[in-house]
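Structure file coords.cif; described as mmCIF, C-alpha atoms and all ligand atoms.
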```
data_start
#
loop_
_atom_site.label_atom_id
_atom_site.label_comp_id
_atom_site.auth_asym_id
_atom_site.auth_seq_id
_atom_site.Cartn_x
_atom_site.Cartn_y
_atom_site.Cartn_z
CA MET A 247 123.16 159.11 -41.84
CA LEU A 248 123.50 158.35 -38.17
CA ARG A 249 121.48 160.08 -35.48
CA VAL A 250 124.10 161.44 -33.11
CA SER A 251 123.93 162.89 -29.62
CA ARG A 252 127.48 164.26 -29.55
CA VAL A 253 131.03 163.79 -30.75
CA LEU A 254 133.99 164.65 -28.52
CA HIS A 255 137.76 164.38 -28.90
CA PRO A 256 139.90 163.56 -27.08
CA ILE A 257 138.20 161.36 -24.50
CA THR A 258 140.36 159.42 -22.06
CA SER A 259 137.86 157.70 -19.76
CA LEU A 260 136.15 155.21 -22.09
CA GLY A 261 138.91 152.99 -23.45
CA PRO A 262 142.70 153.16 -23.64
CA GLY A 263 144.57 156.25 -24.77
CA ARG A 264 143.13 159.38 -26.33
CA ARG A 265 140.03 158.60 -28.37
CA LEU A 266 137.31 160.02 -30.56
CA GLY A 267 133.98 159.47 -28.81
CA ILE A 268 130.74 159.23 -30.79
CA TRP A 269 127.49 158.95 -28.81
CA LEU A 270 124.56 157.79 -30.90
CA GLN A 271 121.07 159.06 -30.14
CA GLY A 272 118.16 156.79 -29.18
CA CYS A 273 117.83 154.02 -26.62
CA THR A 274 114.74 152.06 -25.65
CA LEU A 275 116.39 149.96 -22.93
CA ALA A 276 115.57 152.47 -20.15
CA CYS A 277 118.00 151.22 -17.49
CA LYS A 278 117.10 152.55 -14.05
CA GLY A 279 119.76 155.07 -12.99
CA CYS A 280 121.01 155.75 -16.55
CA MET A 281 123.18 158.89 -16.54
CA SER A 282 122.45 159.62 -20.21
CA ARG A 283 118.68 159.98 -20.35
CA ASP A 284 119.18 162.79 -22.86
CA THR A 285 120.18 160.10 -25.37
CA TRP A 286 116.95 158.07 -25.05
CA ASP A 287 114.68 159.97 -27.45
CA PRO A 288 115.30 158.54 -30.95
CA GLY A 289 113.97 161.78 -32.48
CA ALA A 290 116.39 164.07 -30.61
CA GLY A 291 120.05 164.66 -31.43
CA THR A 292 121.21 165.45 -34.96
CA GLU A 293 121.28 163.48 -38.18
CA VAL A 294 124.91 163.44 -39.29
CA GLY A 295 126.19 162.25 -42.67
CA LEU A 296 128.75 159.46 -42.70
CA ASP A 297 131.17 161.62 -44.72
CA HIS A 298 131.13 164.20 -41.96
CA LEU A 299 131.77 161.56 -39.30
CA ARG A 300 134.64 160.14 -41.37
CA ALA A 301 136.11 163.66 -41.60
CA LEU A 302 135.89 164.00 -37.81
CA TRP A 303 137.70 160.66 -37.48
CA GLN A 304 140.46 161.83 -39.83
CA GLU A 305 140.84 165.05 -37.82
CA ALA A 306 141.08 163.02 -34.62
CA VAL A 307 143.66 160.70 -36.20
CA SER A 308 145.71 163.70 -37.33
CA ALA A 309 145.59 164.95 -33.74
CA GLY A 310 146.91 161.58 -32.50
CA ALA A 311 143.77 159.58 -31.63
CA ASP A 312 144.48 156.01 -30.48
CA GLY A 313 141.01 154.72 -31.22
CA LEU A 314 137.28 155.25 -31.53
CA THR A 315 134.68 154.68 -28.81
CA VAL A 316 131.05 154.35 -29.92
CA SER A 317 128.48 154.72 -27.16
CA GLY A 318 125.01 156.09 -26.70
CA GLY A 319 122.17 155.89 -26.43
CA GLU A 320 122.13 152.42 -27.86
CA PRO A 321 124.45 152.18 -30.88
CA LEU A 322 122.98 148.84 -31.95
CA GLN A 323 119.58 150.44 -32.52
CA GLN A 324 121.04 151.99 -35.72
CA PRO A 325 122.76 148.87 -37.05
CA ALA A 326 122.66 149.44 -40.82
CA ALA A 327 124.15 152.93 -40.87
CA LEU A 328 126.63 152.08 -38.12
CA THR A 329 127.85 149.02 -40.02
CA GLU A 330 128.27 151.13 -43.17
CA PHE A 331 130.19 153.77 -41.22
CA LEU A 332 132.53 151.42 -39.39
CA ALA A 333 133.17 149.28 -42.49
CA SER A 334 134.32 152.38 -44.37
CA LEU A 335 136.56 153.76 -41.65
CA PRO A 336 140.33 153.71 -42.23
CA VAL A 337 141.21 152.49 -38.74
CA GLU A 338 144.70 151.15 -39.56
CA ASP A 339 146.47 150.39 -36.29
CA ARG A 340 143.82 152.05 -34.10
CA ASP A 341 140.94 150.24 -32.40
CA VAL A 342 137.17 150.48 -32.15
CA LEU A 343 135.41 149.96 -28.81
CA LEU A 344 131.60 149.79 -28.70
CA TYR A 345 129.30 150.08 -25.69
CA THR A 346 125.95 148.31 -25.86
CA GLY A 347 123.25 147.68 -23.31
CA TYR A 348 122.44 144.37 -25.01
CA GLU A 349 123.97 141.03 -24.12
CA LEU A 350 125.59 139.24 -27.07
CA ASP A 351 122.90 136.53 -27.12
CA GLU A 352 120.16 139.15 -27.57
CA LEU A 353 121.52 140.48 -30.86
CA ASP A 354 119.85 139.96 -34.22
CA ASP A 355 121.78 139.46 -37.48
CA ALA A 356 121.99 143.17 -38.30
CA GLN A 357 123.33 143.99 -34.85
CA ARG A 358 125.86 141.16 -34.99
CA GLY A 359 126.98 142.62 -38.35
CA VAL A 360 128.09 145.81 -36.57
CA LEU A 361 130.40 143.78 -34.35
CA ASP A 362 132.27 142.49 -37.43
CA HIS A 363 133.91 145.94 -37.48
CA VAL A 364 134.57 146.32 -33.75
CA ASP A 365 137.67 145.23 -31.78
CA ALA A 366 136.06 145.04 -28.35
CA VAL A 367 132.58 145.44 -26.93
CA ILE A 368 131.27 146.28 -23.47
CA THR A 369 127.94 144.52 -23.05
CA GLY A 370 124.95 144.61 -20.76
CA ARG A 371 122.39 146.93 -19.18
CA TYR A 372 123.48 149.37 -16.51
CA VAL A 373 122.35 147.92 -13.17
CA VAL A 374 122.24 150.64 -10.53
CA GLY A 375 122.30 148.10 -7.69
CA ALA A 376 125.54 146.42 -8.90
CA PRO A 377 128.30 149.02 -8.44
CA THR A 378 131.75 148.06 -9.66
CA GLY A 379 135.33 149.22 -9.77
CA LEU A 380 135.89 147.39 -13.08
CA ILE A 381 137.61 149.70 -15.50
CA TRP A 382 135.39 151.42 -18.13
CA ARG A 383 132.24 149.74 -16.80
CA GLY A 384 129.26 151.14 -14.91
CA SER A 385 128.00 147.99 -13.21
CA ALA A 386 129.42 144.62 -12.22
CA ASN A 387 127.35 142.64 -14.75
CA GLN A 388 128.90 144.43 -17.75
CA ARG A 389 131.49 142.41 -19.65
CA LEU A 390 134.47 143.60 -21.67
CA VAL A 391 134.72 141.20 -24.62
CA PRO A 392 137.60 141.37 -27.14
CA LEU A 393 136.40 140.43 -30.65
CA THR A 394 139.59 140.61 -32.75
CA SER A 395 143.28 139.87 -32.20
CA ARG A 396 143.88 143.61 -31.82
CA GLY A 397 141.01 143.71 -29.33
CA GLU A 398 142.53 140.78 -27.46
CA GLN A 399 145.89 142.53 -27.35
CA ARG A 400 144.55 145.93 -26.23
CA TYR A 401 141.58 144.96 -24.06
CA GLY A 402 142.30 141.42 -22.86
CA PRO A 403 144.66 142.61 -20.08
CA PHE A 404 141.97 144.99 -18.79
CA ALA A 405 139.08 142.50 -18.48
CA ASP A 406 139.43 142.17 -14.69
CA VAL A 407 141.30 145.39 -13.89
CA THR A 408 139.66 147.55 -11.26
CA CYS A 409 140.23 151.23 -10.44
CA GLU A 410 140.02 152.67 -6.96
CA ARG A 411 138.53 155.85 -8.37
CA ALA A 412 136.36 156.02 -11.46
CA GLN A 413 137.75 158.28 -14.17
CA VAL A 414 135.36 161.00 -15.23
CA GLN A 415 136.30 163.70 -17.71
CA VAL A 416 134.59 167.08 -17.69
CA ARG A 417 134.17 168.74 -21.07
CA VAL A 418 132.41 171.94 -22.07
CA ASP A 419 131.05 171.85 -25.59
CA ASP A 420 128.41 173.97 -27.29
CA GLY A 421 127.44 175.66 -24.00
CA LEU A 422 126.86 172.34 -22.24
CA LEU A 423 128.85 170.56 -19.55
CA TRP A 424 129.54 166.93 -20.43
CA LEU A 425 130.70 164.35 -17.93
CA VAL A 426 132.46 161.56 -19.82
CA GLY A 427 133.00 158.25 -18.06
CA VAL A 428 131.16 155.90 -15.74
CA PRO A 429 130.90 157.41 -12.23
CA PRO A 430 129.70 155.18 -9.36
CA PRO A 431 126.02 155.47 -8.31
CA GLY A 432 125.23 158.60 -6.30
CA VAL A 433 128.36 160.52 -7.33
CA LEU A 434 126.59 162.75 -9.83
CA ALA A 435 123.95 163.81 -7.32
CA LYS A 436 126.75 164.53 -4.82
CA VAL A 437 128.63 166.67 -7.37
CA GLU A 438 125.42 168.54 -8.13
CA ARG A 439 124.77 169.21 -4.41
CA ARG A 440 128.33 170.43 -3.83
CA LEU A 441 128.18 172.79 -6.81
CA ARG A 442 124.79 174.07 -5.67
CA ASP A 443 126.36 174.91 -2.28
CA LYS A 444 128.83 177.09 -4.22
CA GLY A 445 126.03 178.80 -6.15
CA ILE A 446 126.31 176.75 -9.37
CA VAL A 447 122.92 175.30 -10.27
CA PHE A 448 122.30 172.87 -13.15
CA GLU A 449 119.10 173.84 -14.98
CA GLU A 450 118.83 170.31 -16.31
CA ALA A 451 120.82 167.12 -15.78
CA ALA A 452 120.71 164.04 -17.99
CA TRP A 453 120.84 161.67 -15.02
CA ARG A 454 117.64 163.04 -13.40
CA PRO A 455 114.30 161.36 -14.36
S1 LIG B 1 122.61 152.92 -19.60
FE1 LIG B 1 122.92 152.78 -21.84
S2 LIG B 1 121.60 151.08 -22.43
FE2 LIG B 1 120.92 151.69 -20.42
S3 LIG B 1 119.27 153.20 -20.79
FE3 LIG B 1 121.18 154.34 -20.57
S4 LIG B 1 121.87 154.63 -22.65
FE4 LIG B 1 120.40 152.95 -22.71
#
```
Can you present the structure in this file as structure tokens?
Ligand code: SF4
Amino acid sequence: MLRVSRVLHPITSLGPGRRLGIWLQGCTLACKGCMSRDTWDPGAGTEVGLDHLRALWQEAVSAGADGLTVSGGEPLQQPAALTEFLASLPVEDRDVLLYTGYELDELDDAQRGVLDHVDAVITGRYVVGAPTGLIWRGSANQRLVPLTSRGEQRYGPFADVTCERAQVQVRVDDGLLWLVGVPPPGVLAKVERRLRDKGIVFEEAAWRP
């Protein structure tokens, strides 16, 4: 079982191509300015069986998914189940990208074991005072590290690529509005203000303390 916040497909703003996105629930790192505070509580979200997640992957593959992005929350705070899941996944020529708030030298053996099944990792806490245009990253300290030859091939060329405008996808799922991507600091509050001016008020927002 993995404790999951949400699963969305296709996502196009967290890695190359059209991807299955799995956000794991629970994070104790508490970065200031985190836009996903709803994923912090390790008791929230839903326990999902690995068979069900594998079925969702197969559905995504049938629909043309190019890869899997695992984010959170902090995926490496569920290392045993995540290793079991990723080790059993028929990835074939697709790739696995994992986001973690940890730096590689902070990982214990179990967490390093997860990375044996990952092609590229984006590491490091979100630092609100270090905005960046680096693709797929929220702050300038975060590193994109290829871990396999496929990772090197797919992600190596993007390590220093910057985007003028951050890509953010808007998805509606289960009555909730999800913003997928890494918007620059202050953008979410601006979007909220503009929508409020048009009479659309968010009852709750995951980026507000
Ligand atoms: S940015 Fe990521 S690592 Fe940091 S608190 Fe939020 S979910 Fe956790």
> If you count all atoms listed in the file, which residues fall within 8 Å of A:Arg340, apart from same-chain ones fewer than 5 positions away, as a PyMOL selection string?
Replying inline: chain A and resi 311-314
Generate the output file for the selected residues, C-alpha atoms, as a compact mmCIF listing (two decimals), in the coordinates of the input.
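So part_0.txt came out as:
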```txt
# COMPACT_ATOMS: atom_id res chain seq x y z
CA ALA A 311 143.77 159.58 -31.63
CA ASP A 312 144.48 156.01 -30.48
CA GLY A 313 141.01 154.72 -31.22
CA LEU A 314 137.28 155.25 -31.53
```
>> If I take atom CA of A:Val367 and atom CA of A:Leu343, how far is one from the other in Å, to one decimal?
In response: 5.7 Å
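Separating atom CA of A:Trp286 from atom CA of A:Gly319 is a distance of 5.8 Å.
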>> I want to know what sits within 12 Å of A:Arg249, based on all atoms listed in the file, with residues of the same chain fewer than 3 positions away left out; could you give that as a ChimeraX atom specification?
In response: /A:252-253,268-273,285-296,299,318-328
>> At a cut-off of 12 Å around ligand LIG 1 (chain B), and using all atoms listed in the file, what residues come up? Please write them as a PyMOL selection string.
In response: chain A and resi 251+269-288+316-323+344-349+368-374+383-385+388+427-429+452-455
>> Counting all atoms listed in the file, I want the residues whose atoms come within 12 Å of (138.5, 158.4, -6.2) in the file frame, returned as an MDAnalysis selection string.
In response: chainID A and resid 379 409:414 429:430 433
For the residues in that selection, give me C-alpha atoms as a compact mmCIF listing (two decimals), in the coordinates of the input.
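Full text of again_35.txt as output:
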```txt
# COMPACT_ATOMS: atom_id res chain seq x y z
CA GLY A 379 135.33 149.22 -9.77
CA CYS A 409 140.23 151.23 -10.44
CA GLU A 410 140.02 152.67 -6.96
CA ARG A 411 138.53 155.85 -8.37
CA ALA A 412 136.36 156.02 -11.46
CA GLN A 413 137.75 158.28 -14.17
CA VAL A 414 135.36 161.00 -15.23
CA PRO A 429 130.90 157.41 -12.23
CA PRO A 430 129.70 155.18 -9.36
CA VAL A 433 128.36 160.52 -7.33
```
Since the input is missing atoms for stretch 360-378 of chain A, could you rebuild it with N, CA and C atoms and give the result as an mmCIF file, in the frame of the given file?
```cif
data_model
loop_
_atom_site.group_PDB
_atom_site.id
_atom_site.type_symbol
_atom_site.label_atom_id
_atom_site.label_comp_id
_atom_site.auth_asym_id
_atom_site.auth_seq_id
_atom_site.Cartn_x
_atom_site.Cartn_y
_atom_site.Cartn_z
ATOM 1 N N VAL A 360 127.305 144.662 -37.050
ATOM 2 C CA VAL A 360 128.090 145.810 -36.570
ATOM 3 C C VAL A 360 129.373 145.319 -35.924
ATOM 4 N N LEU A 361 129.249 144.248 -35.140
ATOM 5 C CA LEU A 361 130.400 143.780 -34.350
ATOM 6 C C LEU A 361 131.509 143.203 -35.228
ATOM 7 N N ASP A 362 131.210 142.926 -36.517
ATOM 8 C CA ASP A 362 132.270 142.490 -37.430
ATOM 9 C C ASP A 362 133.332 143.571 -37.628
ATOM 10 N N HIS A 363 132.994 144.813 -37.245
ATOM 11 C CA HIS A 363 133.910 145.940 -37.480
ATOM 12 C C HIS A 363 134.369 146.574 -36.156
ATOM 13 N N VAL A 364 134.270 145.805 -35.095
ATOM 14 C CA VAL A 364 134.570 146.320 -33.750
ATOM 15 C C VAL A 364 135.637 145.417 -33.121
ATOM 16 N N ASP A 365 136.597 146.017 -32.404
ATOM 17 C CA ASP A 365 137.670 145.230 -31.780
ATOM 18 C C ASP A 365 137.297 144.713 -30.393
ATOM 19 N N ALA A 366 136.473 145.488 -29.692
ATOM 20 C CA ALA A 366 136.060 145.040 -28.350
ATOM 21 C C ALA A 366 134.710 145.672 -28.045
ATOM 22 N N VAL A 367 133.914 144.952 -27.250
ATOM 23 C CA VAL A 367 132.580 145.440 -26.930
ATOM 24 C C VAL A 367 132.383 145.349 -25.417
ATOM 25 N N ILE A 368 131.683 146.340 -24.878
ATOM 26 C CA ILE A 368 131.270 146.280 -23.470
ATOM 27 C C ILE A 368 129.765 146.072 -23.483
ATOM 28 N N THR A 369 129.328 144.959 -22.892
ATOM 29 C CA THR A 369 127.940 144.520 -23.050
ATOM 30 C C THR A 369 127.164 144.635 -21.748
ATOM 31 N N GLY A 370 125.852 144.778 -21.892
ATOM 32 C CA GLY A 370 124.950 144.610 -20.760
ATOM 33 C C GLY A 370 124.337 145.905 -20.263
ATOM 34 N N ARG A 371 123.116 145.780 -19.735
ATOM 35 C CA ARG A 371 122.390 146.930 -19.180
ATOM 36 C C ARG A 371 123.201 147.508 -18.006
ATOM 37 N N TYR A 372 122.969 148.772 -17.735
ATOM 38 C CA TYR A 372 123.480 149.370 -16.510
ATOM 39 C C TYR A 372 122.559 148.948 -15.367
ATOM 40 N N VAL A 373 123.143 148.365 -14.328
ATOM 41 C CA VAL A 373 122.350 147.920 -13.170
ATOM 42 C C VAL A 373 122.762 148.760 -11.977
ATOM 43 N N VAL A 374 121.880 149.660 -11.565
ATOM 44 C CA VAL A 374 122.240 150.640 -10.530
ATOM 45 C C VAL A 374 122.600 149.958 -9.210
ATOM 46 N N GLY A 375 122.036 148.784 -8.959
ATOM 47 C CA GLY A 375 122.300 148.100 -7.690
ATOM 48 C C GLY A 375 123.528 147.198 -7.733
ATOM 49 N N ALA A 376 124.340 147.288 -8.791
ATOM 50 C CA ALA A 376 125.540 146.420 -8.900
ATOM 51 C C ALA A 376 126.770 147.276 -9.178
ATOM 52 N N PRO A 377 127.144 148.147 -8.206
ATOM 53 C CA PRO A 377 128.300 149.020 -8.440
ATOM 54 C C PRO A 377 129.573 148.210 -8.651
ATOM 55 N N THR A 378 130.520 148.788 -9.359
ATOM 56 C CA THR A 378 131.750 148.060 -9.660
ATOM 57 C C THR A 378 132.925 149.011 -9.769
#
```
